[in-house]
Amino acid sequence: MLLGIAVLVLNGCRTQEEVSNPVEIPDSFSESGMEVLPAKWWTSFEDNRLNTVIDSALTSNFTLLTAWERLRAAEAVVDRESSLLFPTLDASGSAQADRFSDSSQDSEQIQLGLSSSYEIDLWGRIGSTIDAEQFRARATLFDYQTAALSLTAEIVRTWYQLADAQNQLELVNEQIDTNLTVLQLLKNRFEIGQIQSVDVLRQQQLVEATREQRTYAESRVQTLENQLAVLLGKPPQSGIDFSPEDLPQLSPIPSTGVPTDLVQKRPDVRSAYASLQAADNDLAAAISNQYPRLTISASASSASESAGALFEDWAISFAGNLLAPIFYGGELRAEVDRNEAVKNQRLYEYGQTILTAFREVEDALIREKKQVESIDSIERQLELASQAYRQLRLQYLNGSGNYLDVLTALDGIQQLRRDLLSARLTLVEYRISLYRALAGSFETERMAEVNESQM
């Protein structure tokens, strides 16, 4: 008999195995630097104002607060499922009094009792369920860390977009002043009959076009300030306490490390792996659910007709209950199949998350490299356009050139200067994407407080 039970236990129990990576991991990335990226990656920009803004956002951003509450809820589910490892204990009590016209038949009945039950986890069903919820809670923790990482990236990107918008506004105001100065010179020449009125009209059109650029730049500054305020958990009309001064000077690209390290430190990849482990334990619980359950129970009760004699007599009982599923119409087998399919889904999602992480690093590397080349090209174009403008302007002032050519050259120079600012912002954004792709989790103030309270 005991041998038969042991065989059933060995056949019914299912152990989880370490899940291997579903994709082939390359040995290295295409490029790498020497600088080690800090956990709080945004400090690499050496911008104290930005650091202050991010510290504030990590405690007040509502999206991040929502992710934290999801983590608390997941941890509560773990505690709830873990309670199944302990016996339940219930107390009961009742009192009844009967009164009749013939008082000799009056009676009272008082009863108190305790009852307890406990399921023996023969096949590991309860343990697998608890493990599944623990892995889900771990995945939720990594989701919170991913949300914190995404928040910092969005703030840094918005911060430097605001810096670019302010620079663009300053440049456009400078260009408006330049165009107004040229317009006044043309008006003076027109009054003495040296040029045609069409030259003045064309210059006025350029002034208005530049003013339109200023309107767009002002709108962009205000909307980015609103966006930054909301990221800080503030109403958009409240404004921001700090504003950026300029785009940062980028240091050499950081060390990208090896792809294996990236898999182990990126919170989104770790979340996908924890979800896969949770699904594996769900499958184990579904398999164990096909086997018998053994529950033991005990109770003790006392009853009497008066409170004084209540504990004189006790009734104590012990019982064991074995529930074995025999026919459920394929329900239990279908649940196993469903959990197996879910596990395969999580496996493929894990593989896709790894591939996406690798792609984000490679994309950021190649984009930054090509953006540097693009900036060099724009700077060369600007130098050539400036030379052409100076020659055309000199020819026009000497009476041998067409002002339309001068106007086109001036407009081209001003557009190139604006394009150069935008290209430098794009380069910074590509560096932000690289830092974001390489970054692992970091400890927020809220996590630090919880860790201290648990010590």
# chains A, B, ... in the order shown; residues from 1 in each chain; ligands from 1
call {"tool": "residues_around", "arguments": {"residues": "Gln168 (chain A)", "least_positions_apart": "4", "cutoff": "7 Å", "atoms": "only C-alpha atoms", "output": "PyMOL selection string"}}
result
chain A and resi 164+172+217+418
call {"tool": "write_last_selection", "arguments": {"atoms": "N, CA, C and O atoms", "output": "compact mmCIF listing (two decimals), in the first residue's frame"}}
result
# COMPACT_ATOMS: atom_id res chain seq x y z
N ASP A 164 16.08 72.43 -27.17
CA ASP A 164 16.16 72.70 -28.61
C ASP A 164 15.11 73.73 -29.03
O ASP A 164 15.41 74.62 -29.84
N VAL A 172 15.44 81.96 -34.34
CA VAL A 172 14.45 82.58 -35.22
C VAL A 172 14.33 84.08 -34.92
O VAL A 172 14.21 84.89 -35.85
N ALA A 217 7.82 77.92 -33.07
CA ALA A 217 8.80 77.69 -32.00
C ALA A 217 8.20 78.04 -30.64
O ALA A 217 8.41 77.32 -29.66
N ARG A 418 18.66 76.25 -38.85
CA ARG A 418 17.60 75.60 -38.07
C ARG A 418 17.72 74.07 -38.17
O ARG A 418 17.52 73.35 -37.18
call {"tool": "closest_atom_pairs", "arguments": {"of": "region 311-421 of chain A", "to": "region 431-441 of chain A", "cutoff": "8 Å", "atoms": "only C-alpha atoms", "output": "CSV"}}
result
residue,atom,partner,partner_atom,distance
A:Ala357,CA,A:Ala437,CA,6.6
A:Glu360,CA,A:Ala437,CA,5.8
A:Val361,CA,A:Ala437,CA,5.5
A:Ala364,CA,A:Leu434,CA,5.0
A:Leu365,CA,A:Leu434,CA,6.8
A:Glu368,CA,A:Arg431,CA,6.7
call {"tool": "write_last_selection", "arguments": {"atoms": "N, CA and C atoms", "output": "PDB file, in the first residue's frame"}}
result
ATOM      1  N   ALA A 357      15.330  43.808 -27.579  1.00  0.00           N
ATOM      2  CA  ALA A 357      16.384  44.474 -26.805  1.00  0.00           C
ATOM      3  C   ALA A 357      17.668  44.591 -27.621  1.00  0.00           C
ATOM      4  N   GLU A 360      17.196  47.239 -30.401  1.00  0.00           N
ATOM      5  CA  GLU A 360      17.225  48.624 -29.911  1.00  0.00           C
ATOM      6  C   GLU A 360      18.656  49.117 -29.718  1.00  0.00           C
ATOM      7  N   VAL A 361      19.526  48.247 -29.221  1.00  0.00           N
ATOM      8  CA  VAL A 361      20.931  48.638 -29.056  1.00  0.00           C
ATOM      9  C   VAL A 361      21.580  48.875 -30.411  1.00  0.00           C
ATOM     10  N   ALA A 364      20.260  52.037 -32.169  1.00  0.00           N
ATOM     11  CA  ALA A 364      20.774  53.271 -31.575  1.00  0.00           C
ATOM     12  C   ALA A 364      22.231  53.506 -31.974  1.00  0.00           C
ATOM     13  N   LEU A 365      23.011  52.435 -32.044  1.00  0.00           N
ATOM     14  CA  LEU A 365      24.418  52.576 -32.422  1.00  0.00           C
ATOM     15  C   LEU A 365      24.563  53.082 -33.854  1.00  0.00           C
ATOM     16  N   GLU A 368      23.196  56.764 -34.325  1.00  0.00           N
ATOM     17  CA  GLU A 368      24.088  57.804 -33.816  1.00  0.00           C
ATOM     18  C   GLU A 368      25.282  57.990 -34.745  1.00  0.00           C
TER      19      GLU A 368
END
call {"tool": "residues_around", "arguments": {"residues": "Ala74 (chain A)", "least_positions_apart": "2", "cutoff": "9 Å", "atoms": "only C-alpha atoms", "output": "number ranges by chain"}}
result
A: 69-72, 76-79, 133-134, 136-138, 140-141
call {"tool": "residues_around", "arguments": {"residues": "Ile375 (chain A)", "least_positions_apart": "4", "cutoff": "8 Å", "atoms": "only C-alpha atoms", "output": "list in words"}}
result
Gln371, Glu379, Leu420, Ala423 and Arg424 of chain A
call {"tool": "write_last_selection", "arguments": {"atoms": "N, CA, C and O atoms", "output": "PDB file, in the first residue's frame"}}
result
ATOM      1  N   GLN A 371      24.090  59.790 -37.775  1.00  0.00           N
ATOM      2  CA  GLN A 371      23.674  61.155 -37.478  1.00  0.00           C
ATOM      3  C   GLN A 371      24.879  62.083 -37.364  1.00  0.00           C
ATOM      4  O   GLN A 371      24.809  63.254 -37.754  1.00  0.00           O
ATOM      5  N   GLU A 379      26.885  70.935 -41.731  1.00  0.00           N
ATOM      6  CA  GLU A 379      27.854  71.993 -41.447  1.00  0.00           C
ATOM      7  C   GLU A 379      28.617  72.389 -42.710  1.00  0.00           C
ATOM      8  O   GLU A 379      28.875  73.582 -42.948  1.00  0.00           O
ATOM      9  N   LEU A 420      20.435  72.437 -38.571  1.00  0.00           N
ATOM     10  CA  LEU A 420      21.595  72.008 -37.796  1.00  0.00           C
ATOM     11  C   LEU A 420      21.226  71.838 -36.321  1.00  0.00           C
ATOM     12  O   LEU A 420      21.643  70.866 -35.675  1.00  0.00           O
ATOM     13  N   ALA A 423      19.236  68.680 -36.082  1.00  0.00           N
ATOM     14  CA  ALA A 423      20.089  67.501 -36.244  1.00  0.00           C
ATOM     15  C   ALA A 423      20.860  67.209 -34.965  1.00  0.00           C
ATOM     16  O   ALA A 423      21.066  66.042 -34.601  1.00  0.00           O
ATOM     17  N   ARG A 424      21.286  68.248 -34.263  1.00  0.00           N
ATOM     18  CA  ARG A 424      21.997  68.042 -32.996  1.00  0.00           C
ATOM     19  C   ARG A 424      21.060  67.485 -31.935  1.00  0.00           C
ATOM     20  O   ARG A 424      21.477  66.663 -31.111  1.00  0.00           O
TER      21      ARG A 424
END
call {"tool": "atom_distance", "arguments": {"atom1": "CA of Gln166 (chain A)", "atom2": "CA of Pro236 (chain A)"}}
result
18.0 Å
call {"tool": "residues_around", "arguments": {"residues": "Val198 (chain A)", "least_positions_apart": "2", "cutoff": "12 Å", "atoms": "only C-alpha atoms", "output": "PyMOL selection string"}}
result
chain A and resi 183+186-187+190+195-196+200-205+402-404+407
call {"tool": "decode", "arguments": {"residues": "region 140-175 of chain A", "atoms": "N, CA, C and O atoms", "output": "PDB file, in the first residue's frame"}}
result
ATOM      1  N   THR A 140       5.884  41.722 -12.077  1.00  0.00           N
ATOM      2  CA  THR A 140       5.292  43.038 -11.832  1.00  0.00           C
ATOM      3  C   THR A 140       6.331  44.009 -11.287  1.00  0.00           C
ATOM      4  O   THR A 140       6.306  45.205 -11.612  1.00  0.00           O
ATOM      5  N   LEU A 141       7.249  43.512 -10.457  1.00  0.00           N
ATOM      6  CA  LEU A 141       8.340  44.354  -9.988  1.00  0.00           C
ATOM      7  C   LEU A 141       9.197  44.822 -11.149  1.00  0.00           C
ATOM      8  O   LEU A 141       9.561  46.012 -11.241  1.00  0.00           O
ATOM      9  N   PHE A 142       9.523  43.915 -12.053  1.00  0.00           N
ATOM     10  CA  PHE A 142      10.322  44.294 -13.224  1.00  0.00           C
ATOM     11  C   PHE A 142       9.539  45.247 -14.125  1.00  0.00           C
ATOM     12  O   PHE A 142      10.128  46.133 -14.759  1.00  0.00           O
ATOM     13  N   ASP A 143       8.209  45.072 -14.177  1.00  0.00           N
ATOM     14  CA  ASP A 143       7.386  46.013 -14.945  1.00  0.00           C
ATOM     15  C   ASP A 143       7.456  47.412 -14.339  1.00  0.00           C
ATOM     16  O   ASP A 143       7.478  48.416 -15.061  1.00  0.00           O
ATOM     17  N   TYR A 144       7.457  47.470 -13.011  1.00  0.00           N
ATOM     18  CA  TYR A 144       7.595  48.770 -12.339  1.00  0.00           C
ATOM     19  C   TYR A 144       8.947  49.395 -12.667  1.00  0.00           C
ATOM     20  O   TYR A 144       9.036  50.599 -12.960  1.00  0.00           O
ATOM     21  N   GLN A 145       9.994  48.584 -12.637  1.00  0.00           N
ATOM     22  CA  GLN A 145      11.320  49.101 -12.967  1.00  0.00           C
ATOM     23  C   GLN A 145      11.389  49.537 -14.432  1.00  0.00           C
ATOM     24  O   GLN A 145      12.047  50.538 -14.758  1.00  0.00           O
ATOM     25  N   THR A 146      10.714  48.799 -15.308  1.00  0.00           N
ATOM     26  CA  THR A 146      10.660  49.200 -16.710  1.00  0.00           C
ATOM     27  C   THR A 146       9.928  50.524 -16.865  1.00  0.00           C
ATOM     28  O   THR A 146      10.341  51.395 -17.644  1.00  0.00           O
ATOM     29  N   ALA A 147       8.836  50.682 -16.113  1.00  0.00           N
ATOM     30  CA  ALA A 147       8.089  51.942 -16.165  1.00  0.00           C
ATOM     31  C   ALA A 147       8.948  53.105 -15.671  1.00  0.00           C
ATOM     32  O   ALA A 147       8.909  54.202 -16.240  1.00  0.00           O
ATOM     33  N   ALA A 148       9.730  52.871 -14.610  1.00  0.00           N
ATOM     34  CA  ALA A 148      10.616  53.917 -14.107  1.00  0.00           C
ATOM     35  C   ALA A 148      11.678  54.264 -15.136  1.00  0.00           C
ATOM     36  O   ALA A 148      12.011  55.443 -15.353  1.00  0.00           O
ATOM     37  N   LEU A 149      12.205  53.246 -15.800  1.00  0.00           N
ATOM     38  CA  LEU A 149      13.223  53.469 -16.834  1.00  0.00           C
ATOM     39  C   LEU A 149      12.636  54.234 -18.012  1.00  0.00           C
ATOM     40  O   LEU A 149      13.254  55.176 -18.539  1.00  0.00           O
ATOM     41  N   SER A 150      11.443  53.861 -18.436  1.00  0.00           N
ATOM     42  CA  SER A 150      10.791  54.559 -19.549  1.00  0.00           C
ATOM     43  C   SER A 150      10.459  55.992 -19.174  1.00  0.00           C
ATOM     44  O   SER A 150      10.572  56.901 -20.017  1.00  0.00           O
ATOM     45  N   LEU A 151      10.047  56.200 -17.922  1.00  0.00           N
ATOM     46  CA  LEU A 151       9.741  57.561 -17.472  1.00  0.00           C
ATOM     47  C   LEU A 151      10.975  58.447 -17.534  1.00  0.00           C
ATOM     48  O   LEU A 151      10.911  59.590 -18.021  1.00  0.00           O
ATOM     49  N   THR A 152      12.108  57.945 -17.046  1.00  0.00           N
ATOM     50  CA  THR A 152      13.322  58.763 -17.077  1.00  0.00           C
ATOM     51  C   THR A 152      13.719  59.087 -18.517  1.00  0.00           C
ATOM     52  O   THR A 152      14.133  60.216 -18.811  1.00  0.00           O
ATOM     53  N   ALA A 153      13.571  58.113 -19.421  1.00  0.00           N
ATOM     54  CA  ALA A 153      13.917  58.365 -20.822  1.00  0.00           C
ATOM     55  C   ALA A 153      13.001  59.420 -21.428  1.00  0.00           C
ATOM     56  O   ALA A 153      13.455  60.302 -22.172  1.00  0.00           O
ATOM     57  N   GLU A 154      11.714  59.347 -21.101  1.00  0.00           N
ATOM     58  CA  GLU A 154      10.778  60.326 -21.646  1.00  0.00           C
ATOM     59  C   GLU A 154      11.055  61.717 -21.100  1.00  0.00           C
ATOM     60  O   GLU A 154      10.965  62.713 -21.834  1.00  0.00           O
ATOM     61  N   ILE A 155      11.420  61.798 -19.830  1.00  0.00           N
ATOM     62  CA  ILE A 155      11.723  63.106 -19.242  1.00  0.00           C
ATOM     63  C   ILE A 155      12.986  63.694 -19.869  1.00  0.00           C
ATOM     64  O   ILE A 155      13.023  64.877 -20.236  1.00  0.00           O
ATOM     65  N   VAL A 156      14.028  62.879 -20.005  1.00  0.00           N
ATOM     66  CA  VAL A 156      15.276  63.379 -20.588  1.00  0.00           C
ATOM     67  C   VAL A 156      15.030  63.823 -22.024  1.00  0.00           C
ATOM     68  O   VAL A 156      15.522  64.884 -22.453  1.00  0.00           O
ATOM     69  N   ARG A 157      14.266  63.038 -22.768  1.00  0.00           N
ATOM     70  CA  ARG A 157      13.982  63.400 -24.159  1.00  0.00           C
ATOM     71  C   ARG A 157      13.190  64.712 -24.226  1.00  0.00           C
ATOM     72  O   ARG A 157      13.513  65.605 -25.020  1.00  0.00           O
ATOM     73  N   THR A 158      12.178  64.843 -23.370  1.00  0.00           N
ATOM     74  CA  THR A 158      11.383  66.075 -23.345  1.00  0.00           C
ATOM     75  C   THR A 158      12.225  67.258 -22.891  1.00  0.00           C
ATOM     76  O   THR A 158      12.088  68.374 -23.418  1.00  0.00           O
ATOM     77  N   TRP A 159      13.098  67.027 -21.932  1.00  0.00           N
ATOM     78  CA  TRP A 159      13.967  68.077 -21.405  1.00  0.00           C
ATOM     79  C   TRP A 159      14.833  68.682 -22.505  1.00  0.00           C
ATOM     80  O   TRP A 159      14.908  69.915 -22.655  1.00  0.00           O
ATOM     81  N   TYR A 160      15.453  67.836 -23.287  1.00  0.00           N
ATOM     82  CA  TYR A 160      16.341  68.349 -24.328  1.00  0.00           C
ATOM     83  C   TYR A 160      15.577  68.791 -25.572  1.00  0.00           C
ATOM     84  O   TYR A 160      16.078  69.632 -26.339  1.00  0.00           O
ATOM     85  N   GLN A 161      14.381  68.277 -25.775  1.00  0.00           N
ATOM     86  CA  GLN A 161      13.525  68.847 -26.813  1.00  0.00           C
ATOM     87  C   GLN A 161      13.149  70.279 -26.449  1.00  0.00           C
ATOM     88  O   GLN A 161      13.087  71.156 -27.331  1.00  0.00           O
ATOM     89  N   LEU A 162      12.899  70.514 -25.161  1.00  0.00           N
ATOM     90  CA  LEU A 162      12.614  71.871 -24.705  1.00  0.00           C
ATOM     91  C   LEU A 162      13.825  72.776 -24.895  1.00  0.00           C
ATOM     92  O   LEU A 162      13.693  73.937 -25.307  1.00  0.00           O
ATOM     93  N   ALA A 163      15.010  72.247 -24.598  1.00  0.00           N
ATOM     94  CA  ALA A 163      16.234  73.029 -24.817  1.00  0.00           C
ATOM     95  C   ALA A 163      16.366  73.387 -26.292  1.00  0.00           C
ATOM     96  O   ALA A 163      16.710  74.526 -26.652  1.00  0.00           O
ATOM     97  N   ASP A 164      16.084  72.430 -27.172  1.00  0.00           N
ATOM     98  CA  ASP A 164      16.162  72.703 -28.610  1.00  0.00           C
ATOM     99  C   ASP A 164      15.113  73.726 -29.028  1.00  0.00           C
ATOM    100  O   ASP A 164      15.406  74.617 -29.839  1.00  0.00           O
ATOM    101  N   ALA A 165      13.888  73.603 -28.495  1.00  0.00           N
ATOM    102  CA  ALA A 165      12.833  74.556 -28.851  1.00  0.00           C
ATOM    103  C   ALA A 165      13.214  75.971 -28.429  1.00  0.00           C
ATOM    104  O   ALA A 165      12.970  76.941 -29.165  1.00  0.00           O
ATOM    105  N   GLN A 166      13.822  76.114 -27.253  1.00  0.00           N
ATOM    106  CA  GLN A 166      14.275  77.433 -26.811  1.00  0.00           C
ATOM    107  C   GLN A 166      15.389  77.958 -27.714  1.00  0.00           C
ATOM    108  O   GLN A 166      15.419  79.153 -28.045  1.00  0.00           O
ATOM    109  N   ASN A 167      16.295  77.070 -28.103  1.00  0.00           N
ATOM    110  CA  ASN A 167      17.370  77.486 -29.011  1.00  0.00           C
ATOM    111  C   ASN A 167      16.812  77.882 -30.380  1.00  0.00           C
ATOM    112  O   ASN A 167      17.281  78.852 -30.992  1.00  0.00           O
ATOM    113  N   GLN A 168      15.830  77.118 -30.843  1.00  0.00           N
ATOM    114  CA  GLN A 168      15.210  77.452 -32.121  1.00  0.00           C
ATOM    115  C   GLN A 168      14.516  78.809 -32.057  1.00  0.00           C
ATOM    116  O   GLN A 168      14.608  79.615 -33.003  1.00  0.00           O
ATOM    117  N   LEU A 169      13.848  79.076 -30.943  1.00  0.00           N
ATOM    118  CA  LEU A 169      13.168  80.359 -30.782  1.00  0.00           C
ATOM    119  C   LEU A 169      14.168  81.508 -30.761  1.00  0.00           C
ATOM    120  O   LEU A 169      13.943  82.556 -31.393  1.00  0.00           O
ATOM    121  N   GLU A 170      15.254  81.299 -30.058  1.00  0.00           N
ATOM    122  CA  GLU A 170      16.294  82.330 -30.020  1.00  0.00           C
ATOM    123  C   GLU A 170      16.888  82.566 -31.409  1.00  0.00           C
ATOM    124  O   GLU A 170      17.125  83.725 -31.813  1.00  0.00           O
ATOM    125  N   LEU A 171      17.136  81.481 -32.138  1.00  0.00           N
ATOM    126  CA  LEU A 171      17.691  81.614 -33.482  1.00  0.00           C
ATOM    127  C   LEU A 171      16.715  82.320 -34.418  1.00  0.00           C
ATOM    128  O   LEU A 171      17.113  83.191 -35.210  1.00  0.00           O
ATOM    129  N   VAL A 172      15.437  81.964 -34.343  1.00  0.00           N
ATOM    130  CA  VAL A 172      14.446  82.581 -35.217  1.00  0.00           C
ATOM    131  C   VAL A 172      14.325  84.075 -34.920  1.00  0.00           C
ATOM    132  O   VAL A 172      14.210  84.895 -35.846  1.00  0.00           O
ATOM    133  N   ASN A 173      14.342  84.444 -33.648  1.00  0.00           N
ATOM    134  CA  ASN A 173      14.302  85.867 -33.305  1.00  0.00           C
ATOM    135  C   ASN A 173      15.508  86.606 -33.887  1.00  0.00           C
ATOM    136  O   ASN A 173      15.389  87.733 -34.381  1.00  0.00           O
ATOM    137  N   GLU A 174      16.659  85.954 -33.830  1.00  0.00           N
ATOM    138  CA  GLU A 174      17.860  86.545 -34.426  1.00  0.00           C
ATOM    139  C   GLU A 174      17.696  86.682 -35.936  1.00  0.00           C
ATOM    140  O   GLU A 174      18.083  87.709 -36.536  1.00  0.00           O
ATOM    141  N   GLN A 175      17.105  85.687 -36.587  1.00  0.00           N
ATOM    142  CA  GLN A 175      16.903  85.741 -38.031  1.00  0.00           C
ATOM    143  C   GLN A 175      15.879  86.805 -38.412  1.00  0.00           C
ATOM    144  O   GLN A 175      16.015  87.462 -39.462  1.00  0.00           O
TER     145      GLN A 175
END
